[in-house]
There are 2 protein chains.
Amino acid sequence: MNKQKIHIVDTTLRDGSHAVSHSFTTEQAAEIAGSLDKTGVSLIELSHGDGIAGSSINYGFSTTPELELLKAAKPAVKNAKLTVLLIPGIGTIEDLKEAEECGIAAVRVATHVTEADTGIQHIQYAKSAGLMAVGFLMLSHMASPEKIVEQAKIFVDAGADYINIADSAGYMVPNDVRARISLLKSSIDIPVGFHSHNNLGCAIANSLAAVEEGATYIDATCRGLGAGAGNTQIEVLCAVLNRLGYDTGVDIYGLMDVAEKNVEPVMQRPQMINTASLMLGYAGVYSSFLLHTYRAAEKFGLNPRDILVELGRRQMVGGQEDMIVDVAYALVQQQKNK
Amino acid sequence: MNKQKIHIVDTTLRDGSHAVSHSFTTEQAAEIAGSLDKTGVSLIELSHGDGIAGSSINYGFSTTPELELLKAAKPAVKNAKLTVLLIPGIGTIEDLKEAEECGIAAVRVATHVTEADTGIQHIQYAKSAGLMAVGFLMLSHMASPEKIVEQAKIFVDAGADYINIADSAGYMVPNDVRARISLLKSSIDIPVGFHSHNNLGCAIANSLAAVEEGATYIDATCRGLGAGAGNTQIEVLCAVLNRLGYDTGVDIYGLMDVAEKNVEPVMQRPQMINTASLMLGYAGVYSSFLLHTYRAAEKFGLNPRDILVELGRRQMVGGQEDMIVDVAYALVQQQKNK
């Protein structure tokens, strides 16, 4: 009944990398990528959780360099596009060239939702190199639908093949997604995609809302493996889309088997919504803020949850962790003045 | 912005009972009920997973009789209504009288979605005894919105205080919930409630959809503890409703703490969506079918997932487990004739 093909983008080997402390082995990468490829997913993303060249003291070192993982996965990926994530400032065009030599077919250039201009040159380079290039807007709950359209158009003009908006903090509910996807879909002429996190338990319903509003590329991971409370669970998403009559082209039993047999044994902990991940989604802040927040809470005698809510209210983004102490201090002053 | 009060109904000590093999102790019951009571939830349901008198060879024996658990919980419940579930045919009015002696304030009379008439006498008795009485329609994905209204009116006429519809198999997506709740809400004059399972990952979004359509009693459990893939996770639901401006009257940090400190330590396994619970939601069948399905699949050389889908297509309900072999046999014949 719904004729538009929905492309399933598996990012188990990229966003899932966060949830296993960047410890994927070459054997795991080859096995997971190969078994995913057989299910009919369209893109298979493999990178450090923070993109190529993310392995570092800041973002966590990878046990095995991602270039090795890409080389191991490549022969097993026969139909899907082997894809990397690149966050400008962490990864460079030189890093992308190294990934090209490992046989990738696509790159997703991810910037903060208001900073698409920092990714123009990467999109342009990727297109000149014959790669599929995706403009990827992170923390998109922090921008209005209109702002997202403005930023997406920067990627469109640079030559992007599709635009992906990401609910990186797991903050959105379905109506938030509908507002953003529907305006974007009616404002640009290239396909639109969506990436969700499950911190508020809405990843599946948000992804479904995105599809209902016209998104045709949806990110997901086996068992939901990913940062925070995890991503959209791919086997659940595809079962839902299948029953509703959408054409994903994937084998849903096959995806259930990959999740159960290939990914679940690799997981270090079940992907659940605990207090910390719930608070991140509730406040709309990144998981990198947690440790600093707990420290500041202890130092100032505050409830860490109040600090997270204030950080969210101030729309703090990754890289501003040093502001947390200032925020905590301000909260103490506020409470004194009450 | 949304003035209508949303009553939060905690069923950790009832639906959650399934997920701990009916092993709650009097200490756990008192501690969980007491800490929940302090958060401001409206009803606290405590029973065997299959309702009062559910402890049996058919439904699983309880480690501690639920009447003992009710007696232990009662002194700790000072504001909420201590509530039991009663499934006519499993529990009787005599059982309800025993529960009354333990100090309950409410009973939810649960029937299959098309069999509300089997609960009339229980609702009538409960009202005559001064209890709050709730008409609870199970497996409501199997009935049209119109059929649900017809059945709900049987409970209304019997004197029910509110009508609760349950997505017992975790089959629904938000649009399924909207269709049912909106028609019900516009067709009857008493409040409407909703009970969800997370087999398709939609419990939170379905509950939110129910609230948006006018439901004012929402079931949930700490950490989602419950049958199948679990229930709506109470601390997540309340965080979402709080942020959207609904008045639940609950302390959301308090609920996070109950989930983390009182319930998580009791859990036997994390509440996740695995292949089995996903298939139950996808097919729309009860978890009691699983074991019989696996046996039949082995006997006939079938994929158990194909049997579950066929059981769902035939709208099999609990108690019809003996039909599974017939269905498997029919599937083998179908496959031969292809």
# chains A, B, ... in the order shown; residues from 1 in each chain; ligands from 1
call {"tool": "interface_residues", "arguments": {"of": "chain B", "to": "chain A", "cutoff": "7 Å", "atoms": "only C-alpha atoms", "output": "NGL selection string"}}
result
:B and (200-202 or 204-205 or 236 or 239-240 or 256 or 270 or 275 or 278 or 282)
call {"tool": "write_last_selection", "arguments": {"atoms": "all heavy atoms", "output": "short mmCIF file (atom, residue, chain, number, x, y, z; two decimals), in the first residue's frame"}}
result
data_model
loop_
_atom_site.label_atom_id
_atom_site.label_comp_id
_atom_site.auth_asym_id
_atom_site.auth_seq_id
_atom_site.Cartn_x
_atom_site.Cartn_y
_atom_site.Cartn_z
N LEU B 200 6.56 -4.20 20.40
CA LEU B 200 6.98 -3.50 19.17
C LEU B 200 7.66 -2.17 19.49
O LEU B 200 7.77 -1.29 18.62
CB LEU B 200 5.78 -3.29 18.24
CG LEU B 200 5.15 -4.58 17.68
CD1 LEU B 200 4.06 -4.25 16.67
CD2 LEU B 200 6.20 -5.50 17.03
N GLY B 201 8.09 -2.00 20.73
CA GLY B 201 8.85 -0.81 21.09
C GLY B 201 8.01 0.46 21.15
O GLY B 201 8.55 1.57 21.17
N CYS B 202 6.68 0.30 21.16
CA CYS B 202 5.80 1.48 21.06
C CYS B 202 5.05 1.80 22.35
O CYS B 202 4.14 2.64 22.32
CB CYS B 202 4.80 1.27 19.93
SG CYS B 202 5.56 1.33 18.29
N ILE B 204 5.62 3.53 25.11
CA ILE B 204 5.59 4.93 25.54
C ILE B 204 4.78 5.76 24.55
O ILE B 204 3.88 6.52 24.94
CB ILE B 204 7.03 5.50 25.66
CG1 ILE B 204 7.81 4.79 26.78
CG2 ILE B 204 6.99 7.02 25.88
CD1 ILE B 204 7.37 5.09 28.18
N ALA B 205 5.08 5.64 23.28
CA ALA B 205 4.38 6.45 22.27
C ALA B 205 2.90 6.09 22.20
O ALA B 205 2.06 6.96 21.99
CB ALA B 205 5.04 6.29 20.91
N VAL B 236 9.83 6.63 32.56
CA VAL B 236 9.98 7.26 31.25
C VAL B 236 8.68 7.95 30.86
O VAL B 236 8.67 9.12 30.44
CB VAL B 236 10.39 6.21 30.19
CG1 VAL B 236 10.53 6.87 28.82
CG2 VAL B 236 11.69 5.52 30.59
N ALA B 239 8.22 11.14 32.83
CA ALA B 239 9.14 12.19 32.37
C ALA B 239 8.61 12.83 31.09
O ALA B 239 8.60 14.05 30.93
CB ALA B 239 10.54 11.62 32.16
N VAL B 240 8.14 12.01 30.17
CA VAL B 240 7.61 12.52 28.90
C VAL B 240 6.37 13.38 29.15
O VAL B 240 6.26 14.50 28.65
CB VAL B 240 7.29 11.35 27.93
CG1 VAL B 240 6.48 11.85 26.73
CG2 VAL B 240 8.57 10.68 27.46
N MET B 256 11.97 7.54 39.29
CA MET B 256 13.27 7.04 38.80
C MET B 256 13.99 6.29 39.92
O MET B 256 14.62 5.25 39.69
CB MET B 256 14.15 8.21 38.34
CG MET B 256 13.65 8.93 37.09
SD MET B 256 14.75 10.34 36.67
CE MET B 256 13.69 11.26 35.55
N PRO B 270 17.02 -8.31 32.28
CA PRO B 270 16.62 -6.99 31.80
C PRO B 270 15.39 -7.13 30.90
O PRO B 270 15.16 -8.16 30.27
CB PRO B 270 17.82 -6.52 30.99
CG PRO B 270 18.54 -7.78 30.61
CD PRO B 270 18.31 -8.75 31.73
N THR B 275 13.85 -11.85 20.20
CA THR B 275 13.13 -12.40 19.04
C THR B 275 11.75 -12.91 19.44
O THR B 275 10.75 -12.65 18.75
CB THR B 275 13.94 -13.54 18.39
OG1 THR B 275 15.22 -13.02 18.03
CG2 THR B 275 13.24 -14.06 17.14
N LEU B 278 9.37 -10.00 20.33
CA LEU B 278 9.08 -9.26 19.10
C LEU B 278 8.06 -10.01 18.24
O LEU B 278 7.09 -9.43 17.73
CB LEU B 278 10.38 -9.02 18.32
CG LEU B 278 10.25 -8.46 16.90
CD1 LEU B 278 9.43 -7.17 16.87
CD2 LEU B 278 11.64 -8.22 16.29
N TYR B 282 4.49 -8.83 16.93
CA TYR B 282 4.31 -8.77 15.47
C TYR B 282 3.08 -9.58 15.06
O TYR B 282 2.27 -9.15 14.25
CB TYR B 282 5.57 -9.31 14.80
CG TYR B 282 5.53 -9.34 13.30
CD1 TYR B 282 5.54 -8.17 12.56
CD2 TYR B 282 5.50 -10.56 12.61
CE1 TYR B 282 5.52 -8.20 11.17
CE2 TYR B 282 5.48 -10.60 11.23
CZ TYR B 282 5.49 -9.41 10.52
OH TYR B 282 5.47 -9.45 9.13
#
call {"tool": "residues_around", "arguments": {"residues": "segment 293-297 of chain B", "least_positions_apart": "2", "cutoff": "10 Å", "atoms": "only C-alpha atoms", "output": "ChimeraX atom specification"}}
result
/B:288-291,299-308,311,321,324-329
call {"tool": "write_last_selection", "arguments": {"atoms": "C-alpha atoms", "output": "PDB file, in the first residue's frame"}}
result
ATOM      1  CA  SER B 288       1.550 -18.571  26.689  1.00  0.00           C
ATOM      2  CA  PHE B 289       1.678 -19.727  23.043  1.00  0.00           C
ATOM      3  CA  LEU B 290       5.450 -19.716  22.764  1.00  0.00           C
ATOM      4  CA  LEU B 291       6.400 -23.072  24.246  1.00  0.00           C
ATOM      5  CA  LYS B 299       7.582 -31.737  15.222  1.00  0.00           C
ATOM      6  CA  PHE B 300       6.493 -30.490  11.792  1.00  0.00           C
ATOM      7  CA  GLY B 301       9.778 -29.012  10.593  1.00  0.00           C
ATOM      8  CA  LEU B 302       8.333 -25.497  10.422  1.00  0.00           C
ATOM      9  CA  ASN B 303       9.723 -22.064  11.297  1.00  0.00           C
ATOM     10  CA  PRO B 304       8.086 -21.228  14.654  1.00  0.00           C
ATOM     11  CA  ARG B 305       7.714 -17.637  13.447  1.00  0.00           C
ATOM     12  CA  ASP B 306       5.416 -18.767  10.619  1.00  0.00           C
ATOM     13  CA  ILE B 307       3.214 -20.588  13.139  1.00  0.00           C
ATOM     14  CA  LEU B 308       2.969 -17.505  15.376  1.00  0.00           C
ATOM     15  CA  LEU B 311      -2.010 -17.996  15.068  1.00  0.00           C
ATOM     16  CA  GLU B 321      -3.050 -23.587  22.985  1.00  0.00           C
ATOM     17  CA  ILE B 324      -1.473 -24.934  17.759  1.00  0.00           C
ATOM     18  CA  VAL B 325      -0.807 -28.432  16.458  1.00  0.00           C
ATOM     19  CA  ASP B 326      -3.800 -28.139  14.127  1.00  0.00           C
ATOM     20  CA  VAL B 327      -2.492 -24.825  12.813  1.00  0.00           C
ATOM     21  CA  ALA B 328       0.972 -26.288  12.279  1.00  0.00           C
ATOM     22  CA  TYR B 329      -0.512 -29.234  10.415  1.00  0.00           C
TER      23      TYR B 329
END
call {"tool": "closest_residue", "arguments": {"among": "B:Glu146, B:Asp247, B:Glu45, B:Glu66", "to": "Ser182 of chain B", "atoms": "only C-alpha atoms"}}
result
B:Glu146
call {"tool": "residues_around", "arguments": {"residues": "His7 of chain A", "least_positions_apart": "5", "cutoff": "10 Å", "atoms": "only C-alpha atoms", "output": "PyMOL selection string"}}
result
chain A and resi 40-43+193+215-219+247-250
call {"tool": "write_last_selection", "arguments": {"atoms": "C-alpha atoms", "output": "PDB file, in the first residue's frame"}}
result
ATOM      1  CA  GLY A  40      19.016  -6.461   2.362  1.00  0.00           C
ATOM      2  CA  VAL A  41      19.836  -3.316   4.332  1.00  0.00           C
ATOM      3  CA  SER A  42      20.875  -0.424   2.090  1.00  0.00           C
ATOM      4  CA  LEU A  43      23.795   1.077   3.992  1.00  0.00           C
ATOM      5  CA  GLY A 193      16.472  10.371   6.573  1.00  0.00           C
ATOM      6  CA  ALA A 215      11.526  10.054   5.259  1.00  0.00           C
ATOM      7  CA  THR A 216      12.971   7.222   3.181  1.00  0.00           C
ATOM      8  CA  TYR A 217      16.273   6.492   4.943  1.00  0.00           C
ATOM      9  CA  ILE A 218      16.011   5.264   8.534  1.00  0.00           C
ATOM     10  CA  ASP A 219      18.934   4.522  10.837  1.00  0.00           C
ATOM     11  CA  ASP A 247       8.646  -1.806   1.281  1.00  0.00           C
ATOM     12  CA  THR A 248      12.005  -2.031   3.045  1.00  0.00           C
ATOM     13  CA  GLY A 249      13.300  -4.910   0.956  1.00  0.00           C
ATOM     14  CA  VAL A 250      14.777  -6.516   4.072  1.00  0.00           C
TER      15      VAL A 250
END
call {"tool": "residues_around", "arguments": {"residues": "Leu70 of chain A", "least_positions_apart": "2", "cutoff": "10 Å", "atoms": "only C-alpha atoms", "output": "MDAnalysis selection string"}}
result
chainID A and resid 13 26 29:30 33 45:47 65:68 72:75 82:84 99:104
call {"tool": "select_by_dssp", "arguments": {"residues": "segment 96-284 of chain B", "states": "helix (DSSP H, G or I)", "output": "VMD selection string"}}
result
chain B and resid 96 to 101 116 to 128 140 to 142 145 to 158 174 to 187 203 to 212 222 to 224 234 to 243 252 to 266 275 to 283
call {"tool": "atom_distance", "arguments": {"atom1": "atom CA of Val332 of chain A", "atom2": "atom CA of Ser277 of chain A"}}
result
24.1 Å
call {"tool": "atom_distance", "arguments": {"atom1": "atom CA of Thr12 of chain B", "atom2": "atom CA of Ala76 of chain B"}}
result
15.5 Å
call {"tool": "select_by_dssp", "arguments": {"residues": "segment 52-99 of chain B", "states": "strand (DSSP E or B)", "output": "list of chain:residue names"}}
result
B:Ser56, B:Gly60, B:Lys81, B:Leu82, B:Thr83, B:Val84, B:Leu85, B:Leu86, B:Pro88, B:Gly91
call {"tool": "decode", "arguments": {"residues": "segment 280-291 of chain A", "atoms": "all heavy atoms", "output": "short mmCIF file (atom, residue, chain, number, x, y, z; two decimals), in the first residue's frame"}}
result
data_model
loop_
_atom_site.label_atom_id
_atom_site.label_comp_id
_atom_site.auth_asym_id
_atom_site.auth_seq_id
_atom_site.Cartn_x
_atom_site.Cartn_y
_atom_site.Cartn_z
N LEU A 280 19.24 12.16 30.31
CA LEU A 280 19.84 12.78 29.13
C LEU A 280 18.77 13.11 28.09
O LEU A 280 18.75 14.20 27.51
CB LEU A 280 20.90 11.85 28.52
CG LEU A 280 22.14 11.61 29.37
CD1 LEU A 280 23.01 10.52 28.75
CD2 LEU A 280 22.95 12.89 29.54
N GLY A 281 17.86 12.16 27.88
CA GLY A 281 16.79 12.40 26.92
C GLY A 281 15.82 13.46 27.40
O GLY A 281 15.35 14.30 26.63
N TYR A 282 15.52 13.41 28.69
CA TYR A 282 14.58 14.37 29.27
C TYR A 282 15.13 15.79 29.16
O TYR A 282 14.41 16.73 28.82
CB TYR A 282 14.34 14.00 30.73
CG TYR A 282 13.40 14.90 31.49
CD1 TYR A 282 12.03 14.92 31.19
CD2 TYR A 282 13.87 15.71 32.52
CE1 TYR A 282 11.16 15.74 31.90
CE2 TYR A 282 13.00 16.53 33.23
CZ TYR A 282 11.65 16.54 32.91
OH TYR A 282 10.79 17.35 33.61
N ALA A 283 16.42 15.93 29.44
CA ALA A 283 17.04 17.26 29.42
C ALA A 283 17.51 17.65 28.02
O ALA A 283 17.64 18.84 27.72
CB ALA A 283 18.22 17.30 30.39
N GLY A 284 17.78 16.65 27.17
CA GLY A 284 18.25 16.94 25.82
C GLY A 284 19.73 17.27 25.76
O GLY A 284 20.15 18.16 25.04
N VAL A 285 20.53 16.53 26.52
CA VAL A 285 21.98 16.76 26.49
C VAL A 285 22.72 15.46 26.17
O VAL A 285 22.18 14.38 26.27
CB VAL A 285 22.51 17.35 27.82
CG1 VAL A 285 21.86 18.69 28.11
CG2 VAL A 285 22.28 16.39 28.97
N TYR A 286 23.96 15.64 25.77
CA TYR A 286 24.80 14.54 25.31
C TYR A 286 25.34 13.71 26.47
O TYR A 286 25.55 14.22 27.57
CB TYR A 286 26.00 15.14 24.58
CG TYR A 286 26.01 14.83 23.12
CD1 TYR A 286 26.98 15.40 22.29
CD2 TYR A 286 25.10 13.97 22.54
CE1 TYR A 286 27.02 15.14 20.93
CE2 TYR A 286 25.14 13.69 21.19
CZ TYR A 286 26.09 14.28 20.40
OH TYR A 286 26.13 14.02 19.06
N SER A 287 25.60 12.44 26.20
CA SER A 287 26.08 11.55 27.26
C SER A 287 27.46 11.94 27.78
O SER A 287 27.80 11.60 28.91
CB SER A 287 26.08 10.10 26.77
OG SER A 287 26.69 10.01 25.51
N SER A 288 28.21 12.69 26.99
CA SER A 288 29.54 13.10 27.46
C SER A 288 29.45 14.05 28.66
O SER A 288 30.44 14.31 29.33
CB SER A 288 30.30 13.80 26.33
OG SER A 288 29.58 14.93 25.88
N PHE A 289 28.24 14.55 28.94
CA PHE A 289 28.08 15.49 30.07
C PHE A 289 27.93 14.77 31.41
O PHE A 289 28.05 15.41 32.46
CB PHE A 289 26.81 16.33 29.86
CG PHE A 289 26.96 17.43 28.85
CD1 PHE A 289 27.97 17.40 27.90
CD2 PHE A 289 26.09 18.50 28.84
CE1 PHE A 289 28.10 18.41 26.96
CE2 PHE A 289 26.21 19.51 27.90
CZ PHE A 289 27.21 19.47 26.97
N LEU A 290 27.66 13.48 31.38
CA LEU A 290 27.26 12.80 32.61
C LEU A 290 28.31 12.86 33.71
O LEU A 290 28.03 13.27 34.83
CB LEU A 290 26.93 11.33 32.32
CG LEU A 290 25.47 11.00 32.02
CD1 LEU A 290 25.33 9.50 31.88
CD2 LEU A 290 24.53 11.55 33.08
N LEU A 291 29.52 12.43 33.37
CA LEU A 291 30.56 12.32 34.39
C LEU A 291 30.84 13.68 35.03
O LEU A 291 30.90 13.81 36.27
CB LEU A 291 31.84 11.75 33.76
CG LEU A 291 32.99 11.52 34.73
CD1 LEU A 291 32.62 10.51 35.80
CD2 LEU A 291 34.23 11.03 33.97
#
